[in-house]
file target16.tsv (TSV, C-alpha atoms)
chain	number	residue	atom	x	y	z
Y	1	MET	CA	-16.75	-38.95	-111.62
Y	2	THR	CA	-13.94	-36.50	-111.04
Y	3	ASP	CA	-14.84	-36.07	-107.38
Y	4	GLU	CA	-14.79	-39.82	-106.93
Y	5	LEU	CA	-11.35	-40.08	-108.53
Y	6	ASP	CA	-10.05	-37.25	-106.40
Y	7	ARG	CA	-11.07	-39.16	-103.30
Y	8	ARG	CA	-9.03	-42.14	-104.48
Y	9	PRO	CA	-5.32	-41.27	-104.14
Y	10	ASP	CA	-4.30	-44.41	-105.97
Y	11	THR	CA	-6.10	-43.33	-109.13
Y	12	GLU	CA	-4.82	-40.69	-111.62
Y	13	PRO	CA	-7.63	-38.58	-113.14
Y	14	VAL	CA	-5.70	-38.34	-116.42
Y	15	LYS	CA	-3.57	-41.31	-117.36
Y	16	ASP	CA	-1.68	-39.58	-120.18
Y	17	PRO	CA	-1.91	-35.77	-120.26
Y	18	GLY	CA	0.09	-35.70	-123.50
Y	19	LEU	CA	3.19	-34.00	-122.15
Y	20	ALA	CA	6.38	-34.39	-124.13
Y	21	GLU	CA	9.24	-36.25	-122.56
Y	22	HIS	CA	11.19	-34.07	-120.18
Y	23	ALA	CA	14.27	-32.53	-121.84
Y	24	TYR	CA	17.21	-31.66	-119.65
Y	25	ARG	CA	18.85	-28.25	-119.99
Y	26	LEU	CA	22.47	-27.85	-121.04
Y	27	THR	CA	23.26	-26.47	-117.62
Y	28	ASP	CA	21.87	-29.67	-116.07
Y	29	VAL	CA	24.20	-31.99	-117.96
Y	30	ASP	CA	27.24	-29.84	-118.77
Y	31	PRO	CA	29.21	-28.34	-115.83
Y	32	ALA	CA	30.98	-25.94	-118.18
Y	33	GLN	CA	27.64	-24.50	-119.37
Y	34	GLU	CA	26.50	-24.25	-115.76
Y	35	LYS	CA	29.62	-22.28	-114.84
Y	36	ARG	CA	29.23	-20.08	-117.91
Y	37	ALA	CA	25.62	-19.25	-116.99
Y	38	GLU	CA	26.71	-18.43	-113.47
Y	39	ARG	CA	29.33	-15.99	-114.75
Y	40	GLN	CA	26.83	-14.37	-117.12
Y	41	ILE	CA	24.25	-13.84	-114.37
Y	42	SER	CA	26.85	-12.48	-111.96
Y	43	GLY	CA	28.08	-10.15	-114.69
Y	44	MET	CA	24.56	-8.73	-115.04
Y	45	PHE	CA	24.38	-8.07	-111.31
Y	46	PHE	CA	27.84	-6.44	-111.27
Y	47	ALA	CA	26.88	-4.27	-114.26
Y	48	ALA	CA	23.68	-3.24	-112.47
Y	49	THR	CA	25.74	-2.19	-109.45
Y	50	LEU	CA	28.01	-0.04	-111.62
Y	51	LEU	CA	25.00	1.59	-113.30
Y	52	LEU	CA	23.47	2.47	-109.93
Y	53	VAL	CA	26.73	4.04	-108.83
Y	54	GLY	CA	26.76	5.86	-112.17
Y	55	PHE	CA	23.27	7.17	-111.36
Y	56	VAL	CA	24.60	8.90	-108.24
Y	57	VAL	CA	27.67	10.21	-110.07
Y	58	ALA	CA	25.52	11.61	-112.89
Y	59	TYR	CA	23.15	13.24	-110.42
Y	60	ILE	CA	26.02	15.05	-108.72
Y	61	ALA	CA	28.26	15.81	-111.71
Y	62	ILE	CA	25.86	16.81	-114.50
Y	63	ASP	CA	24.53	20.35	-114.53
Y	64	LYS	CA	20.75	20.56	-114.57
Y	65	ASP	CA	20.81	22.91	-117.57
Y	66	GLN	CA	23.12	20.72	-119.70
Y	67	THR	CA	21.57	19.08	-122.78
Y	68	PHE	CA	22.28	15.92	-124.77
Y	69	LEU	CA	20.74	15.40	-128.25
Y	70	GLY	CA	18.21	18.07	-127.41
Y	71	TRP	CA	17.21	16.40	-124.14
Y	72	SER	CA	18.07	17.17	-120.54
Y	73	ALA	CA	21.45	15.50	-120.04
Y	74	MET	CA	20.70	14.83	-116.37
Y	75	ASN	CA	17.30	13.25	-117.06
Y	76	PHE	CA	18.81	11.14	-119.85
Y	77	ALA	CA	21.64	9.92	-117.63
Y	78	LEU	CA	19.43	9.22	-114.62
Y	79	GLY	CA	16.79	7.43	-116.64
Y	80	SER	CA	19.22	5.30	-118.64
Y	81	THR	CA	21.38	4.25	-115.68
Y	82	LEU	CA	18.47	3.43	-113.37
Y	83	GLY	CA	16.43	1.80	-116.14
Y	84	PHE	CA	19.22	-0.44	-117.41
Y	85	ALA	CA	20.20	-1.35	-113.84
Y	86	MET	CA	16.67	-2.54	-113.11
Y	87	LEU	CA	16.56	-4.36	-116.46
Y	88	LEU	CA	19.81	-6.20	-115.82
Y	89	MET	CA	18.74	-7.21	-112.34
Y	90	GLY	CA	15.42	-8.53	-113.64
Y	91	VAL	CA	16.98	-10.40	-116.55
Y	92	GLY	CA	19.65	-11.84	-114.27
Y	93	ILE	CA	17.08	-13.17	-111.81
Y	94	ILE	CA	15.01	-14.69	-114.64
Y	95	GLN	CA	18.07	-16.36	-116.17
Y	96	TRP	CA	19.05	-17.67	-112.75
Y	97	ALA	CA	15.63	-19.32	-112.40
Y	98	LYS	CA	15.56	-20.66	-115.99
Y	99	LYS	CA	19.09	-22.01	-116.18
Y	100	LEU	CA	20.31	-22.88	-112.69
Y	101	MET	CA	17.41	-23.47	-110.34
Y	102	GLY	CA	15.69	-26.88	-110.13
Y	103	ASP	CA	13.82	-27.96	-113.30
Y	104	HIS	CA	10.98	-30.26	-112.28
Y	105	GLU	CA	7.59	-31.01	-113.82
Y	106	MET	CA	4.95	-30.99	-111.11
Y	107	VAL	CA	1.28	-31.98	-111.11
Y	108	GLU	CA	-1.05	-30.66	-108.44
Y	109	MET	CA	-4.30	-32.53	-107.89
Y	110	ARG	CA	-7.47	-30.72	-106.94
Y	111	HIS	CA	-7.89	-30.50	-103.21
Y	112	PRO	CA	-10.21	-28.87	-100.67
Y	113	SER	CA	-9.76	-25.13	-100.16
Y	114	ALA	CA	-8.45	-25.75	-96.65
Y	115	SER	CA	-5.31	-27.80	-97.03
Y	116	PRO	CA	-4.53	-30.45	-94.44
Y	117	ALA	CA	-1.67	-29.78	-92.07
Y	118	GLU	CA	0.52	-32.35	-93.81
Y	119	ASP	CA	0.02	-30.54	-97.14
Y	120	ARG	CA	1.05	-27.23	-95.65
Y	121	ALA	CA	4.10	-28.87	-94.17
Y	122	ALA	CA	4.85	-30.35	-97.59
Y	123	VAL	CA	4.65	-26.89	-99.19
Y	124	LEU	CA	7.18	-25.58	-96.72
Y	125	ASP	CA	9.41	-28.54	-97.46
Y	126	ASP	CA	9.12	-27.79	-101.18
Y	127	LEU	CA	10.02	-24.13	-100.58
Y	128	ASN	CA	13.03	-25.12	-98.57
Y	129	ALA	CA	13.99	-27.60	-101.27
Y	130	GLY	CA	13.71	-24.86	-103.88
Y	131	ILE	CA	15.94	-22.60	-101.86
Y	132	SER	CA	18.43	-25.42	-101.54
Y	133	GLU	CA	18.27	-26.24	-105.25
Y	134	SER	CA	18.74	-22.59	-106.20
Y	135	GLY	CA	22.25	-22.87	-104.88
Y	136	PHE	CA	21.95	-19.61	-102.95
Y	137	GLY	CA	24.36	-20.95	-100.37
Y	138	ARG	CA	26.56	-22.85	-102.81
Y	139	ARG	CA	26.92	-20.08	-105.38
Y	140	PRO	CA	28.57	-17.19	-103.51
Y	141	MET	CA	29.39	-15.30	-106.72
Y	142	ILE	CA	25.73	-14.99	-107.73
Y	143	ARG	CA	24.56	-14.44	-104.16
Y	144	ASN	CA	27.06	-11.71	-103.36
Y	145	SER	CA	26.66	-9.93	-106.69
Y	146	LEU	CA	22.86	-9.91	-106.31
Y	147	LEU	CA	23.09	-8.63	-102.74
Y	148	GLY	CA	25.51	-5.94	-103.91
Y	149	ALA	CA	23.18	-4.84	-106.69
Y	150	MET	CA	20.20	-4.76	-104.32
Y	151	GLY	CA	22.22	-2.76	-101.82
Y	152	ALA	CA	23.29	-0.28	-104.49
Y	153	LEU	CA	19.63	0.12	-105.45
Y	154	GLY	CA	19.18	2.14	-102.26
Y	155	LEU	CA	21.73	4.77	-103.32
Y	156	PRO	CA	19.44	6.61	-105.79
Y	157	ALA	CA	16.63	6.59	-103.21
Y	158	ILE	CA	18.87	8.15	-100.56
Y	159	VAL	CA	20.14	10.86	-102.91
Y	160	LEU	CA	16.69	11.73	-104.27
Y	161	LEU	CA	15.03	11.80	-100.84
Y	162	ARG	CA	17.69	14.16	-99.49
Y	163	ASP	CA	17.14	16.49	-102.45
Y	164	LEU	CA	13.41	16.92	-101.87
Y	165	GLY	CA	14.19	20.23	-100.20
Y	166	PRO	CA	16.10	21.92	-97.39
Y	167	LEU	CA	15.81	20.45	-93.92
Y	168	PRO	CA	13.14	22.30	-91.92
Y	169	HIS	CA	15.27	23.46	-89.01
Y	170	GLY	CA	17.36	26.55	-89.61
Y	171	GLN	CA	15.13	27.77	-92.48
Y	172	ARG	CA	13.48	30.67	-90.66
Y	173	ASP	CA	14.40	33.68	-92.81
Y	174	THR	CA	12.27	35.06	-95.64
Y	175	VAL	CA	13.11	37.81	-98.15
Y	176	TRP	CA	11.19	40.44	-96.21
Y	177	LYS	CA	13.42	43.23	-94.92
Y	178	LYS	CA	13.18	46.80	-93.73
Y	179	GLY	CA	11.69	49.12	-96.33
Y	180	MET	CA	10.51	46.40	-98.77
Y	181	ARG	CA	7.14	47.28	-100.24
Y	182	VAL	CA	4.06	45.11	-99.93
Y	183	VAL	CA	2.60	44.55	-103.41
Y	184	ASN	CA	-0.51	42.90	-104.76
Y	185	ASP	CA	0.32	39.33	-105.75
Y	186	VAL	CA	-1.75	39.56	-108.95
Y	187	SER	CA	-0.81	42.91	-110.41
Y	188	GLY	CA	2.45	43.50	-108.53
Y	189	THR	CA	1.40	47.05	-107.71
Y	190	PRO	CA	2.40	48.58	-104.37
Y	191	ILE	CA	-0.36	49.19	-101.84
Y	192	LYS	CA	-1.38	52.39	-100.07
Y	193	PRO	CA	-3.72	52.51	-97.05
Y	194	SER	CA	-6.26	54.33	-99.20
Y	195	ASP	CA	-6.43	51.26	-101.48
Y	196	LEU	CA	-7.92	49.14	-98.69
Y	197	GLU	CA	-11.43	49.27	-97.27
Y	198	VAL	CA	-12.53	48.08	-93.84
Y	199	GLY	CA	-13.30	44.35	-94.04
Y	200	GLN	CA	-11.12	43.79	-97.11
Y	201	LEU	CA	-8.42	41.10	-97.42
Y	202	VAL	CA	-5.70	41.31	-100.08
Y	203	ASN	CA	-3.29	38.54	-101.02
Y	204	ALA	CA	0.12	40.16	-101.23
Y	205	GLU	CA	3.82	39.43	-101.62
Y	206	PRO	CA	7.18	41.20	-101.25
Y	207	ALA	CA	8.44	43.41	-104.06
Y	208	ILE	CA	11.49	41.20	-104.41
Y	209	MET	CA	10.94	40.76	-108.16
Y	210	TYR	CA	11.87	44.42	-108.69
Y	211	GLU	CA	15.11	44.37	-106.69
Y	212	THR	CA	18.33	44.61	-108.71
Y	213	ASP	CA	22.01	44.49	-107.85
Y	214	ALA	CA	24.73	47.06	-108.65
Y	215	GLU	CA	24.91	45.79	-112.25
Y	216	GLY	CA	21.18	46.11	-112.80
Y	217	GLU	CA	20.53	42.35	-112.66
Y	218	HIS	CA	17.61	40.96	-110.69
Y	219	VAL	CA	18.65	39.66	-107.29
Y	220	LEU	CA	16.41	36.61	-107.66
Y	221	HIS	CA	14.92	35.05	-110.76
Y	222	GLY	CA	13.39	31.82	-112.03
Y	223	THR	CA	12.69	29.00	-109.60
Y	224	GLU	CA	14.61	30.70	-106.80
Y	225	LEU	CA	12.36	33.76	-107.07
Y	226	LEU	CA	9.17	31.66	-107.03
Y	227	GLN	CA	10.33	29.76	-103.97
Y	228	ALA	CA	11.20	32.97	-102.12
Y	229	LYS	CA	7.85	34.57	-102.98
Y	230	SER	CA	5.87	31.52	-101.93
Y	231	LYS	CA	7.51	31.41	-98.49
Y	232	ALA	CA	7.06	35.17	-98.00
Y	233	ALA	CA	3.42	35.28	-99.20
Y	234	VAL	CA	1.17	37.37	-96.92
Y	235	ILE	CA	-2.40	38.45	-96.40
Y	236	VAL	CA	-3.19	42.12	-95.67
Y	237	VAL	CA	-6.45	42.96	-93.91
Y	238	ARG	CA	-8.07	46.18	-92.79
Y	239	MET	CA	-10.40	46.41	-89.81
Y	240	ARG	CA	-11.54	49.13	-87.50
Y	241	PRO	CA	-8.65	50.19	-85.24
Y	242	GLU	CA	-10.77	49.71	-82.13
Y	243	ASP	CA	-11.26	46.02	-83.03
Y	244	VAL	CA	-7.52	45.31	-82.90
Y	245	THR	CA	-6.15	43.76	-79.70
Y	246	ALA	CA	-2.40	44.10	-80.06
Y	247	SER	CA	-0.16	42.28	-77.62
Y	248	LYS	CA	2.66	44.03	-75.81
Y	249	GLY	CA	5.32	45.23	-78.23
Y	250	ARG	CA	3.01	45.02	-81.25
Y	251	GLU	CA	1.10	48.25	-80.74
Y	252	ASN	CA	2.78	49.89	-83.76
Y	253	TRP	CA	2.81	46.87	-86.10
Y	254	GLY	CA	-0.30	48.02	-87.95
Y	255	ILE	CA	-1.36	51.15	-89.83
Y	256	ASP	CA	-4.81	52.50	-88.92
Y	257	GLY	CA	-6.25	48.98	-88.56
Y	258	ILE	CA	-4.21	47.50	-91.44
Y	259	LEU	CA	-2.42	44.29	-90.40
Y	260	CYS	CA	-0.25	41.85	-92.30
Y	261	TYR	CA	0.15	38.12	-91.59
Y	262	SER	CA	1.90	35.20	-93.20
Y	263	LYS	CA	-0.24	33.27	-95.65
Y	264	ILE	CA	1.39	29.99	-94.54
Y	265	CYS	CA	-0.69	28.00	-92.04
Y	266	THR	CA	1.34	26.99	-89.00
Y	267	HIS	CA	-0.14	23.48	-89.05
Y	268	VAL	CA	1.26	21.87	-92.23
Y	269	GLY	CA	1.96	24.92	-94.41
Y	270	CYS	CA	-1.27	25.24	-96.41
Y	271	PRO	CA	-1.97	28.64	-98.03
Y	272	ILE	CA	-4.88	30.39	-96.30
Y	273	SER	CA	-7.06	33.41	-97.14
Y	274	LEU	CA	-10.69	32.46	-96.31
Y	275	TYR	CA	-11.61	35.55	-94.31
Y	276	GLU	CA	-14.71	36.27	-92.24
Y	277	GLN	CA	-15.13	40.04	-91.88
Y	278	GLN	CA	-17.40	40.10	-88.83
Y	279	THR	CA	-15.19	37.88	-86.61
Y	280	HIS	CA	-11.83	38.75	-88.23
Y	281	HIS	CA	-11.12	35.03	-88.47
Y	282	VAL	CA	-9.17	33.46	-91.30
Y	283	LEU	CA	-9.70	29.76	-92.02
Y	284	CYS	CA	-7.36	27.14	-93.44
Y	285	PRO	CA	-9.49	25.24	-96.00
Y	286	CYS	CA	-7.44	22.04	-95.67
Y	287	HIS	CA	-7.63	21.19	-91.96
Y	288	GLN	CA	-9.90	23.96	-90.61
Y	289	SER	CA	-7.35	25.70	-88.41
Y	290	THR	CA	-8.80	29.12	-87.57
Y	291	PHE	CA	-6.84	32.24	-86.62
Y	292	ASP	CA	-8.07	35.51	-85.11
Y	293	LEU	CA	-6.35	38.30	-87.06
Y	294	ALA	CA	-7.65	40.96	-84.65
Y	295	ASP	CA	-5.90	39.18	-81.78
Y	296	ASN	CA	-2.32	38.70	-83.01
Y	297	GLY	CA	-3.19	35.73	-85.26
Y	298	ARG	CA	-4.22	33.60	-82.27
Y	299	VAL	CA	-5.43	30.05	-82.96
Y	300	THR	CA	-9.13	29.74	-82.09
Y	301	PHE	CA	-9.85	26.31	-83.58
Y	302	GLY	CA	-8.21	23.38	-85.34
Y	303	PRO	CA	-4.95	21.42	-85.19
Y	304	ALA	CA	-2.56	24.39	-85.50
Y	305	HIS	CA	-0.68	25.16	-82.28
Y	306	ARG	CA	1.08	28.43	-83.19
Y	307	PRO	CA	-0.37	31.85	-84.11
Y	308	LEU	CA	0.10	33.14	-87.64
Y	309	PRO	CA	3.40	35.08	-87.84
Y	310	GLN	CA	2.72	38.80	-88.12
Y	311	LEU	CA	4.76	41.19	-90.27
Y	312	PRO	CA	5.29	44.68	-88.76
Y	313	LEU	CA	4.28	47.46	-91.16
Y	314	ALA	CA	5.10	51.12	-91.78
Y	315	LEU	CA	4.78	53.70	-94.58
Y	316	ASP	CA	7.59	54.85	-96.84
Y	317	SER	CA	8.19	58.40	-98.03
Y	318	GLU	CA	5.68	57.96	-100.87
Y	319	GLY	CA	2.95	56.63	-98.62
Y	320	TYR	CA	3.19	52.97	-99.65
Y	321	ILE	CA	2.97	50.13	-97.15
Y	322	VAL	CA	6.37	48.59	-96.40
Y	323	ALA	CA	7.77	46.02	-93.99
Y	324	VAL	CA	9.64	47.18	-90.90
Y	325	SER	CA	11.67	43.94	-90.80
Y	326	ASP	CA	11.43	40.25	-91.56
Y	327	PHE	CA	8.92	38.14	-89.60
Y	328	PRO	CA	10.05	38.05	-85.96
Y	329	ASP	CA	8.57	34.53	-85.72
Y	330	ILE	CA	9.42	31.49	-87.83
Y	331	VAL	CA	7.32	31.10	-90.97
Y	332	ALA	CA	6.84	27.37	-91.49
Y	333	PRO	CA	4.56	24.45	-90.72
Y	334	SER	CA	5.11	22.86	-87.35
Y	335	TYR	CA	7.83	20.23	-87.03
Y	336	PRO	CA	9.72	18.71	-84.06
Y	337	GLU	CA	12.66	21.09	-84.23
Y	338	LEU	CA	10.51	24.21	-84.51
Y	339	ALA	CA	10.09	24.74	-80.77
Y	340	ARG	CA	13.85	24.55	-80.36
Y	341	ASP	CA	14.50	27.03	-83.18
Y	342	GLN	CA	11.84	29.45	-81.90
Y	343	LYS	CA	13.34	29.30	-78.40
Y	344	LYS	CA	16.78	30.17	-79.79
Y	345	LEU	CA	15.24	33.07	-81.71
Y	346	ASP	CA	13.45	34.39	-78.63
Y	347	ASN	CA	16.66	34.20	-76.58
Y	348	LYS	CA	18.53	36.25	-79.18
Y	349	SER	CA	15.87	38.91	-79.23

call {"tool": "encode", "arguments": {"input": "target16.tsv", "output": "structure tokens"}}
result
Amino acid sequence: MTDELDRRPDTEPVKDPGLAEHAYRLTDVDPAQEKRAERQISGMFFAATLLLVGFVVAYIAIDKDQTFLGWSAMNFALGSTLGFAMLLMGVGIIQWAKKLMGDHEMVEMRHPSASPAEDRAAVLDDLNAGISESGFGRRPMIRNSLLGAMGALGLPAIVLLRDLGPLPHGQRDTVWKKGMRVVNDVSGTPIKPSDLEVGQLVNAEPAIMYETDAEGEHVLHGTELLQAKSKAAVIVVRMRPEDVTASKGRENWGIDGILCYSKICTHVGCPISLYEQQTHHVLCPCHQSTFDLADNGRVTFGPAHRPLPQLPLALDSEGYIVAVSDFPDIVAPSYPELARDQKKLDNKS
């Protein structure tokens, strides 16, 4: 029965659906109420813009260690400004639709899943009519305030994206320096050659946590110390001296078969320490880049294009393993500017 009625455009399936008589809104019949609603909605968008600007100001001006009512003052300010800005924009758009856009009751009859071309054209006409009825072109105050709020919404994104970390180029130095001891990264104890056996790999780090200034204060501490240690993390291996193939200028970088390399994979910066004693290969578990530690950290397989940076070693007066200098090569994952930075470094040396 229903299918038959649907095929007859002159017949309504339901004569009286029981809908109440359409009631016009105040903004439809009273120009003063319409203008008032327009001002209210624009005010919400302007307030959202100010809150988004306040987000950026709070991010720059508030110290990260400052507190407010026992909370982080920065987190409180960032969350409240961004949250209320989004709320005001959402409420403003809803009020715009409820109070000022066209208010029509529409009935859509059942139709085949593939609409005829004339129906699709009619939908586009309805969309264009809705855009026209919204007054987007006739209400510059609402339009401009909304566009301003949406534009200001990009400010927090720009600030937060820039603060994800330092730009890669120009960040070549680590905390390694001449005479700094190589220590075990678990116990923090310095390492002597006698502590290592042939075939052994030790995860190590610089003894930066023990360095103090003239006043006895630690040079680095907290997050800054952790970041410095992570970038300077190394692996120390011992192999038979006759297995080592040192390139020109690196003949004295090891100590009786003991070599030290960066733990940071030169592909995308993954930490590596999967070591195969017989081949002297170390494998990155993430993307399978493989480096030959007996041959200057040369890449033997995988997507990495640069050898592992090697740290030159020596012994101090007490017989502990120390660094001769910082890494001569850049310690970092590959990025477009790296070749340029490495070329500058090679020219200086």

call {"tool": "atom_distance", "arguments": {"input": "target16.tsv", "atom1": "atom CA of Asp119 of chain Y", "atom2": "atom CA of Ser134 of chain Y"}}
result
22.3 Å

call {"tool": "closest_residue", "arguments": {"input": "target16.tsv", "among": "Y:Lys99, Y:His218, Y:Arg36, Y:His280", "to": "Val198 of chain Y", "atoms": "only C-alpha atoms"}}
result
Y:His280

call {"tool": "closest_residue", "arguments": {"input": "target16.tsv", "among": "Y:Gly137, Y:Pro31, Y:Pro156, Y:Gly43", "to": "Ile93 of chain Y", "atoms": "all atoms listed in the file"}}
result
Y:Gly43

call {"tool": "residues_around", "arguments": {"input": "target16.tsv", "residues": "segment 263-274 of chain Y", "least_positions_apart": "4", "cutoff": "10 Å", "atoms": "all atoms listed in the file", "output": "number ranges by chain"}}
result
Y: 201-205, 230-236, 281-291, 299, 302-310, 330-335

call {"tool": "atom_distance", "arguments": {"input": "target16.tsv", "atom1": "atom CA of Ala149 of chain Y", "atom2": "atom CA of Asp163 of chain Y"}}
result
22.6 Å

call {"tool": "atom_distance", "arguments": {"input": "target16.tsv", "atom1": "atom CA of Asp173 of chain Y", "atom2": "atom CA of Asp213 of chain Y"}}
result
20.0 Å

call {"tool": "closest_residue", "arguments": {"input": "target16.tsv", "among": "Y:Met180, Y:Met74, Y:Ala228, Y:Met150", "to": "Tyr210 of chain Y", "atoms": "only C-alpha atoms"}}
result
Y:Met180

call {"tool": "residues_around", "arguments": {"input": "target16.tsv", "residues": "Leu78 of chain Y", "least_positions_apart": "2", "cutoff": "8 Å", "atoms": "all atoms listed in the file", "output": "list in words"}}
result
Phe55, Ala58, Tyr59, Met74, Asn75, Phe76, Ser80, Thr81 and Leu82 of chain Y

call {"tool": "closest_residue", "arguments": {"input": "target16.tsv", "among": "Y:Glu133, Y:Asp125, Y:Asp326, Y:Glu276", "to": "His104 of chain Y", "atoms": "all atoms listed in the file"}}
result
Y:Glu133

call {"tool": "residues_around", "arguments": {"input": "target16.tsv", "residues": "Ile131 of chain Y", "least_positions_apart": "6", "cutoff": "12 Å", "atoms": "only C-alpha atoms", "output": "short mmCIF file (atom, residue, chain, number, x, y, z; two decimals) with C-alpha atoms, in the frame of the given file"}}
result
data_model
loop_
_atom_site.label_atom_id
_atom_site.label_comp_id
_atom_site.auth_asym_id
_atom_site.auth_seq_id
_atom_site.Cartn_x
_atom_site.Cartn_y
_atom_site.Cartn_z
CA ALA Y 97 15.63 -19.32 -112.40
CA LEU Y 100 20.31 -22.88 -112.69
CA MET Y 101 17.41 -23.47 -110.34
CA GLY Y 102 15.69 -26.88 -110.13
CA LEU Y 124 7.18 -25.58 -96.72
CA ASP Y 125 9.41 -28.54 -97.46
CA GLY Y 137 24.36 -20.95 -100.37
CA ARG Y 138 26.56 -22.85 -102.81
CA ARG Y 139 26.92 -20.08 -105.38
#

call {"tool": "axis_aligned_box", "arguments": {"input": "target16.tsv", "around": "segment 50-54 of chain Y", "padding_each_side": "4 Å", "output": "AutoDock Vina command-line options"}}
result
--center_x 25.7 --center_y 2.9 --center_z -111.1 --size_x 12.5 --size_y 13.9 --size_z 12.5
